[in-house]
file input29.txt (compact mmCIF, C-alpha atoms)
# COMPACT_ATOMS: atom_id res chain seq x y z
CA MET V 1 116.82 143.09 39.08
CA ALA V 2 117.31 143.72 35.40
CA THR V 3 117.79 147.21 34.05
CA ALA V 4 114.86 148.87 32.33
CA ASP V 5 116.77 149.19 29.03
CA ALA V 6 117.61 145.49 28.98
CA ASP V 7 113.93 144.64 29.51
CA VAL V 8 112.87 146.91 26.66
CA GLU V 9 115.51 145.35 24.41
CA LEU V 10 114.26 141.86 25.29
CA MET V 11 110.65 142.88 24.72
CA LEU V 12 111.51 144.28 21.28
CA ARG V 13 112.96 140.85 20.45
CA VAL V 14 109.81 139.20 21.82
CA LYS V 15 107.82 141.47 19.51
CA ASP V 16 109.64 139.79 16.61
CA GLY V 17 108.65 136.35 17.98
CA ASP V 18 111.89 135.54 19.85
CA GLU V 19 110.87 132.87 22.38
CA LYS V 20 114.30 132.84 24.04
CA ALA V 21 113.96 136.53 24.91
CA PHE V 22 110.45 135.80 26.17
CA ALA V 23 111.82 133.05 28.44
CA GLU V 24 114.39 135.47 29.84
CA LEU V 25 111.73 138.08 30.62
CA PHE V 26 109.60 135.38 32.23
CA ASN V 27 112.48 134.21 34.42
CA ARG V 28 113.26 137.77 35.47
CA HIS V 29 109.78 138.99 36.31
CA ALA V 30 107.41 136.07 36.87
CA PRO V 31 108.53 135.28 40.46
CA ARG V 32 107.81 138.86 41.57
CA LEU V 33 104.47 138.73 39.77
CA VAL V 34 103.57 135.65 41.81
CA ALA V 35 104.37 137.59 44.99
CA TYR V 36 102.25 140.52 43.75
CA GLY V 37 99.32 138.20 42.99
CA ASP V 38 99.69 136.58 46.40
CA ARG V 39 99.10 139.98 48.01
CA PHE V 40 95.62 139.95 46.47
CA PHE V 41 94.65 136.29 46.81
CA HIS V 42 96.76 134.94 49.71
CA ASN V 43 96.95 131.73 47.75
CA ARG V 44 100.09 130.75 45.85
CA ALA V 45 98.31 128.49 43.35
CA ILE V 46 95.97 131.31 42.26
CA ALA V 47 98.85 133.81 42.22
CA GLU V 48 100.85 131.47 39.96
CA GLU V 49 97.91 131.03 37.58
CA VAL V 50 97.48 134.79 37.40
CA ALA V 51 101.20 135.36 36.74
CA GLN V 52 101.11 132.74 33.97
CA GLU V 53 98.02 134.38 32.47
CA VAL V 54 99.78 137.76 32.51
CA PHE V 55 102.71 136.36 30.53
CA LEU V 56 100.44 134.56 28.07
CA ARG V 57 98.62 137.87 27.48
CA LEU V 58 101.95 139.61 27.09
CA TRP V 59 102.92 137.10 24.39
CA ARG V 60 99.57 137.50 22.60
CA ALA V 61 99.88 141.30 22.71
CA ARG V 62 103.60 141.37 21.82
CA LYS V 63 103.07 142.95 18.40
CA LYS V 64 101.29 145.93 19.98
CA TYR V 65 104.25 146.69 22.25
CA ARG V 66 105.69 150.22 21.91
CA PRO V 67 108.69 151.11 24.08
CA ARG V 68 107.19 154.39 25.29
CA ALA V 69 107.51 153.60 29.00
CA ARG V 70 109.45 151.19 31.18
CA PHE V 71 108.72 147.54 30.47
CA THR V 72 107.58 146.97 34.08
CA THR V 73 104.96 149.71 33.71
CA TRP V 74 103.44 147.78 30.81
CA LEU V 75 103.79 144.45 32.60
CA TYR V 76 102.18 145.64 35.84
CA THR V 77 99.40 147.45 34.00
CA ILE V 78 98.42 144.06 32.56
CA ALA V 79 99.07 142.31 35.89
CA THR V 80 96.97 144.73 37.95
CA ARG V 81 94.10 144.45 35.48
CA VAL V 82 94.23 140.64 35.57
CA CYS V 83 94.46 140.59 39.39
CA LEU V 84 91.55 142.97 39.92
CA ASN V 85 89.37 141.19 37.36
CA GLU V 86 90.15 137.84 38.97
CA LEU V 87 89.46 139.29 42.40
CA ARG V 88 86.04 140.52 41.26
CA ARG V 89 85.36 137.19 39.57
CA ARG V 90 86.18 135.18 42.63
CA ARG V 91 84.91 137.71 45.16
CA HIS V 92 87.81 136.33 47.09
CA ARG V 93 88.68 138.04 50.32
CA PRO V 94 90.28 135.42 52.51
CA ARG V 95 91.92 136.52 55.72
CA GLN V 96 94.16 133.48 55.93
CA ARG V 97 96.11 131.25 53.58
CA ALA V 98 94.18 128.47 51.89
CA GLY V 99 94.35 125.16 53.77
CA GLY V 100 96.88 122.59 52.62
CA GLU V 101 99.11 125.12 50.90
CA GLU V 102 102.80 124.81 51.54
CA VAL V 103 104.31 127.75 53.34
CA ASP V 104 107.83 128.29 54.61
CA PRO V 105 108.47 126.33 57.82
CA PRO V 106 108.88 128.45 60.94
CA ASP V 107 112.41 129.38 61.94
CA ASN V 108 113.32 126.91 64.70
CA HIS V 109 115.78 129.35 66.25
CA ALA V 110 113.24 132.12 66.66
CA ASP V 111 111.47 132.81 69.93
CA PRO V 112 107.96 131.24 69.67
CA GLY V 113 106.45 134.30 71.35
CA GLN V 114 108.05 136.63 68.81
CA VAL V 115 107.00 134.37 65.94
CA ALA V 116 103.39 134.38 67.15
CA GLN V 117 103.48 138.16 67.58
CA ALA V 118 104.98 138.66 64.10
CA ARG V 119 102.26 136.44 62.66
CA GLN V 120 99.58 138.48 64.40
CA VAL V 121 101.06 141.69 63.01
CA ALA V 122 101.12 140.19 59.51
CA GLU V 123 97.51 139.00 59.76
CA ARG V 124 96.35 142.35 61.09
CA LEU V 125 98.20 144.14 58.33
CA GLN V 126 96.84 141.86 55.62
CA ALA V 127 93.31 142.25 56.94
CA ALA V 128 93.66 146.04 56.87
CA ALA V 129 95.08 145.92 53.33
CA ASP V 130 92.33 143.55 52.13
CA ALA V 131 89.69 145.99 53.35
CA LEU V 132 91.13 148.82 51.20
CA PRO V 133 89.51 149.91 47.92
CA GLU V 134 91.06 148.04 44.98
CA ARG V 135 93.22 150.87 43.64
CA GLN V 136 94.58 151.81 47.05
CA ARG V 137 95.46 148.19 47.56
CA ALA V 138 97.19 147.93 44.20
CA ALA V 139 99.08 151.20 44.84
CA LEU V 140 100.15 149.93 48.27
CA TRP V 141 101.72 146.73 46.93
CA LEU V 142 103.18 148.30 43.82
CA VAL V 143 105.15 150.65 46.09
CA ARG V 144 105.80 148.50 49.17
CA LEU V 145 106.40 145.16 47.45
CA ASN V 146 107.90 146.22 44.14
CA GLY V 147 109.45 149.53 45.13
CA PHE V 148 107.85 151.45 42.25
CA SER V 149 107.86 155.24 42.29
CA TYR V 150 104.61 157.18 42.68
CA ARG V 151 105.03 158.31 39.08
CA GLN V 152 105.24 154.74 37.80
CA VAL V 153 102.24 153.74 39.93
CA ALA V 154 100.31 156.68 38.46
CA ASP V 155 101.08 155.38 34.95
CA ILE V 156 100.12 151.80 35.86
CA LEU V 157 96.83 152.72 37.54
CA GLY V 158 95.95 155.62 35.24
CA MET V 159 95.87 158.08 38.14
CA SER V 160 97.52 161.43 38.82
CA GLN V 161 100.56 161.54 41.11
CA PRO V 162 98.68 163.51 43.82
CA ALA V 163 95.97 160.82 43.70
CA VAL V 164 98.61 158.12 44.19
CA LYS V 165 100.09 160.10 47.09
CA ALA V 166 96.65 160.35 48.73
CA ALA V 167 95.98 156.63 48.12
CA LEU V 168 99.29 155.66 49.72
CA PHE V 169 98.56 157.87 52.72
CA ARG V 170 95.10 156.35 53.26
CA ALA V 171 96.43 152.80 52.88
CA THR V 172 99.31 153.39 55.29
CA GLU V 173 97.05 155.20 57.75
CA ALA V 174 94.66 152.22 57.73
CA ILE V 175 97.55 149.89 58.51
CA ARG V 176 98.86 152.24 61.21
CA GLN V 177 95.47 152.26 62.91
CA ALA V 178 95.12 148.48 62.65
CA LEU V 179 98.54 147.96 64.23
CA ALA V 180 97.81 150.58 66.92
CA ARG V 181 94.57 148.73 67.82
CA GLN V 182 96.57 145.54 68.16
CA ASP V 183 99.13 147.27 70.40
CA ARG V 184 96.35 148.55 72.67
CA ARG V 185 94.81 145.08 72.82
CA LEU V 186 98.16 143.54 73.79
CA GLU V 187 98.67 146.19 76.47
CA ASN V 188 95.22 145.41 77.91
CA GLU V 189 96.04 141.68 77.98
CA LEU V 190 99.24 142.32 80.01
CA MET B 1 101.89 174.39 57.91
CA SER B 2 98.89 172.56 59.36
CA CYS B 3 99.24 169.10 60.92
CA ASP B 4 96.46 167.63 58.78
CA ARG B 5 98.37 168.49 55.65
CA ASN B 6 101.59 167.13 57.09
CA HIS B 7 100.10 163.71 57.70
CA GLU B 8 99.64 163.13 53.99
CA GLU B 9 103.15 164.40 53.39
CA LEU B 10 104.57 162.06 56.05
CA VAL B 11 103.97 158.90 54.02
CA ALA B 12 105.43 160.47 50.89
CA TYR B 13 108.40 161.48 53.03
CA LEU B 14 108.88 157.90 54.22
CA ASP B 15 108.60 156.63 50.63
CA GLY B 16 111.30 159.11 49.54
CA GLU B 17 108.83 160.94 47.27
CA LEU B 18 109.22 164.50 48.54
CA ASP B 19 111.41 166.94 46.67
CA ARG B 20 114.26 168.63 48.56
CA GLU B 21 112.34 171.81 49.42
CA ASN B 22 109.26 170.02 50.78
CA ARG B 23 111.47 167.61 52.69
CA ARG B 24 113.33 170.48 54.40
CA GLN B 25 110.07 172.21 55.32
CA LEU B 26 108.67 169.00 56.76
CA GLU B 27 111.80 168.23 58.76
CA ARG B 28 111.71 171.75 60.25
CA HIS B 29 108.09 171.17 61.23
CA LEU B 30 108.83 167.76 62.73
CA ALA B 31 111.59 169.24 64.89
CA GLY B 32 109.01 171.37 66.70
CA CYS B 33 105.90 169.14 66.62
CA ARG B 34 105.83 166.13 68.99
CA ARG B 35 102.43 164.97 67.76
CA CYS B 36 103.59 164.76 64.14
CA SER B 37 106.84 163.09 65.21
CA ARG B 38 104.88 160.42 67.09
CA ILE B 39 102.58 159.81 64.10
CA LEU B 40 105.63 159.66 61.81
CA ASP B 41 107.09 156.89 64.00
CA GLU B 42 103.85 154.93 63.83
CA LEU B 43 103.57 155.40 60.10
CA ARG B 44 107.18 154.29 59.73
CA GLN B 45 106.31 151.07 61.59
CA ALA B 46 103.35 150.54 59.26
CA VAL B 47 105.55 151.13 56.18
CA GLU B 48 108.27 148.80 57.46
CA ALA B 49 105.74 146.08 58.37
CA SER B 50 104.19 146.22 54.91
CA ARG B 51 107.64 146.05 53.29
CA GLN B 52 108.70 143.11 55.42
CA LEU B 53 105.61 140.98 54.90
CA GLU B 54 106.40 137.43 53.78
CA VAL B 55 107.08 137.18 50.03
CA VAL B 56 106.02 133.85 48.52
CA GLU B 57 108.30 132.07 46.07
CA PRO B 58 106.87 130.21 43.06
CA SER B 59 106.43 126.46 43.46
CA ALA B 60 108.84 123.98 41.86
CA ASP B 61 106.32 123.25 39.07
CA PHE B 62 105.56 126.88 38.26
CA ARG B 63 107.90 127.25 35.26
CA ARG B 64 107.14 123.82 33.80
CA GLU B 65 103.39 124.47 34.04
CA PHE B 66 103.78 127.82 32.33
CA TRP B 67 105.72 126.40 29.37
CA TRP B 68 103.18 123.61 29.06
CA ARG B 69 100.39 126.21 28.89
CA PHE B 70 102.43 128.25 26.43
CA ALA B 71 103.08 125.21 24.18
CA THR B 72 99.42 124.15 24.35
CA GLU B 73 98.27 127.61 23.35
CA SER B 74 100.83 127.83 20.54
CA ARG B 75 99.58 124.51 19.08
CA GLN B 76 95.93 125.51 19.19
CA ALA B 77 93.94 126.51 16.11
CA PRO B 78 95.06 129.77 14.54
CA GLY B 79 92.93 132.87 14.20
CA TRP B 80 90.50 131.61 11.53
CA TRP B 81 88.70 129.41 14.07
CA ALA B 82 88.01 132.44 16.23
CA GLY B 83 86.44 134.21 13.25
CA PRO B 84 82.74 134.47 12.38
CA PRO B 85 80.96 131.06 12.53
CA ARG B 86 79.80 131.35 8.89
CA TRP B 87 83.40 130.78 7.72
CA ARG B 88 83.97 127.67 9.80
CA TRP B 89 81.87 125.12 7.90
CA PRO B 90 83.21 125.87 4.37
CA VAL B 91 86.74 125.71 5.76
CA LEU B 92 85.96 122.43 7.53
CA ALA B 93 84.37 120.96 4.35
CA ALA B 94 87.40 121.90 2.23
CA GLY B 95 89.71 120.47 4.89
CA GLY B 96 87.70 117.23 5.01
CA ALA B 97 87.86 116.79 1.22
CA LEU B 98 91.60 117.38 1.26
CA ALA B 99 92.07 114.85 4.09
CA ALA B 100 90.00 112.23 2.20
CA GLY B 101 92.11 112.75 -0.95
CA LEU B 102 95.30 112.36 1.04
CA ALA B 103 93.99 109.16 2.67
CA VAL B 104 93.27 107.61 -0.77
CA ALA B 105 96.74 108.55 -2.03
CA VAL B 106 98.37 107.00 1.04
CA VAL B 107 96.41 103.72 0.58
CA MET B 108 97.50 103.52 -3.09
CA LEU B 109 101.11 104.10 -2.22
CA VAL B 110 101.07 101.46 0.53
CA SER B 111 99.43 98.81 -1.74
CA ARG B 112 102.12 99.12 -4.46
CA PRO B 113 104.71 96.25 -4.67
CA ARG B 114 107.61 96.93 -2.41
CA VAL B 115 111.00 97.63 -3.99
CA SER B 116 113.82 95.82 -2.25
CA GLU B 117 117.19 97.37 -1.55
CA ALA B 118 118.75 94.85 -4.05
CA ASP B 119 116.37 96.02 -6.79
CA LYS B 120 117.44 99.59 -6.10
CA VAL B 121 121.12 98.59 -6.60
CA ILE B 122 120.35 96.88 -9.94
CA ALA B 123 118.30 99.86 -11.07
CA SER B 124 121.19 102.20 -10.34
CA HIS B 125 123.57 100.00 -12.47
CA LEU B 126 121.23 99.21 -15.35
CA GLU B 127 123.86 100.02 -18.00
CA LEU B 128 126.26 97.52 -16.54
CA PHE B 129 123.71 94.70 -16.47
CA SER B 130 122.47 95.41 -20.02
CA ASP B 131 125.98 94.89 -21.39
CA TYR B 132 126.03 91.11 -21.84
CA ASP B 133 129.75 90.92 -22.58
CA VAL B 134 130.59 92.45 -19.31
CA ILE B 135 128.30 90.06 -17.50
CA ARG B 136 129.73 87.09 -19.36
CA ASN B 137 133.28 87.99 -18.40
CA LEU B 138 132.45 88.22 -14.75
CA ASP B 139 134.41 85.62 -12.75
CA ILE B 140 131.31 84.20 -11.15
CA LEU B 141 129.84 83.24 -14.55
CA GLU B 142 133.09 81.58 -15.60
CA ASP B 143 132.95 79.56 -12.41
CA MET B 144 129.40 78.49 -13.24
CA GLU B 145 130.48 77.29 -16.73
CA PHE B 146 133.25 75.28 -15.07
CA ILE B 147 130.75 73.67 -12.69
CA GLU B 148 128.40 72.84 -15.59
CA SER B 149 131.28 71.26 -17.55
CA LEU B 150 131.99 69.09 -14.54
CA ASP B 151 128.41 67.83 -14.67
CA GLU B 152 128.78 67.02 -18.39
CA ASP B 153 132.00 65.08 -17.73
CA ALA B 154 130.24 63.08 -15.08
call {"tool": "encode", "arguments": {"input": "input29.txt", "output": "structure tokens"}}
result
Amino acid sequence: MATADADVELMLRVKDGDEKAFAELFNRHAPRLVAYGDRFFHNRAIAEEVAQEVFLRLWRARKKYRPRARFTTWLYTIATRVCLNELRRRRHRPRQRAGGEEVDPPDNHADPGQVAQARQVAERLQAAADALPERQRAALWLVRLNGFSYRQVADILGMSQPAVKAALFRATEAIRQALARQDRRLENEL
Amino acid sequence: MSCDRNHEELVAYLDGELDRENRRQLERHLAGCRRCSRILDELRQAVEASRQLEVVEPSADFRREFWWRFATESRQAPGWWAGPPRWRWPVLAAGGALAAGLAVAVVMLVSRPRVSEADKVIASHLELFSDYDVIRNLDILEDMEFIESLDEDA
């Protein structure tokens, strides 16, 4: 992962119209943006479109850039806005991946029972996350996927740090309860 | 310290967001509270599961598609087209007149007699060709006079 200073330096060059610096920022951050978008849409094609849209907006808004905060704060402020707007537009709350989409093949060496159980955990977790209010959901993935601090999440979402802390607790508690329900169900089946 | 309050602190603790003092207080509480310790373990599982969820990688076409979109957008009409509609038609009319003028100029240029590469060479050595003495003393002309004299002899 690139250092924050290097990103700011690149973005200042982008501000002056440097397309090479823009390409470098894209290569550094776009893959993680796709993963972030996928947390909302569970569809790689939509997540890629959203990530591309974020970078096109970044290019259009380049002249307004001021290096007051970390570059990723600015990037994910745009990204979260685009994701939530797109989510509202599509009213898209799928519980499973879209049909026909390529996903990683299962590990042939893994125990099929464990693979099935891991998949159930992932589905349960995703369903619990999808049911969260938008900001809690965004806070959850900003911290758990991207490793952002509560302070950075507060800046991105325009919330106070205590509000971010409460949002993360509620999101994690919802996942804990969803996983606990699954454990109880498995115990009953045995 | 009440357990209800600790539960909110537990997630911040797992995310490494508690300062040293609050962390020490919480750890002291956890040492004596089995209920909170059990909930901490469950929350830790939830945190780990959410961190370890599959992360999708972009498709092979992702970058190429982006640069295509970027190039397409860069080539599109600049800001004036996005302006108020009342400006569009005068700008279009002026542009149309300019295009028509250019088309006429191009047709005139194309219909002019073509200048060969040989003509260009002569034009660049006009002084040489205007000097008759020089031309007369060229070997090739002497050869021609010799050929003509042969005809006369015959």
call {"tool": "closest_atom_pairs", "arguments": {"input": "input29.txt", "of": "chain V", "to": "chain B", "cutoff": "6 Å", "atoms": "all atoms listed in the file", "output": "Markdown table"}}
result
| residue | atom | partner | partner_atom | distance |
| --- | --- | --- | --- | --- |
| V:Pro31 | CA | B:Pro58 | CA | 5.9 |
| V:Ala35 | CA | B:Val56 | CA | 5.4 |
| V:Gln52 | CA | B:Phe66 | CA | 5.8 |
| V:Arg144 | CA | B:Arg51 | CA | 5.1 |
| V:Phe169 | CA | B:Glu8 | CA | 5.5 |
| V:Ile175 | CA | B:Ala46 | CA | 5.9 |
| V:Arg176 | CA | B:Ala46 | CA | 5.2 |
call {"tool": "atom_distance", "arguments": {"input": "input29.txt", "atom1": "atom CA of V:Gln152", "atom2": "atom CA of V:Ala45"}}
result
27.7 Å
call {"tool": "residues_around", "arguments": {"input": "input29.txt", "residues": "stretch 7-15 of chain V", "least_positions_apart": "4", "cutoff": "8 Å", "atoms": "all atoms listed in the file", "output": "number ranges by chain"}}
result
V: 2-3, 19, 21-22, 24-25, 59, 62-65, 67, 70-71
call {"tool": "atom_distance", "arguments": {"input": "input29.txt", "atom1": "atom CA of V:Arg137", "atom2": "atom CA of V:Val121"}}
result
17.7 Å
call {"tool": "atom_distance", "arguments": {"input": "input29.txt", "atom1": "atom CA of V:Gln136", "atom2": "atom CA of V:Glu123"}}
result
18.3 Å
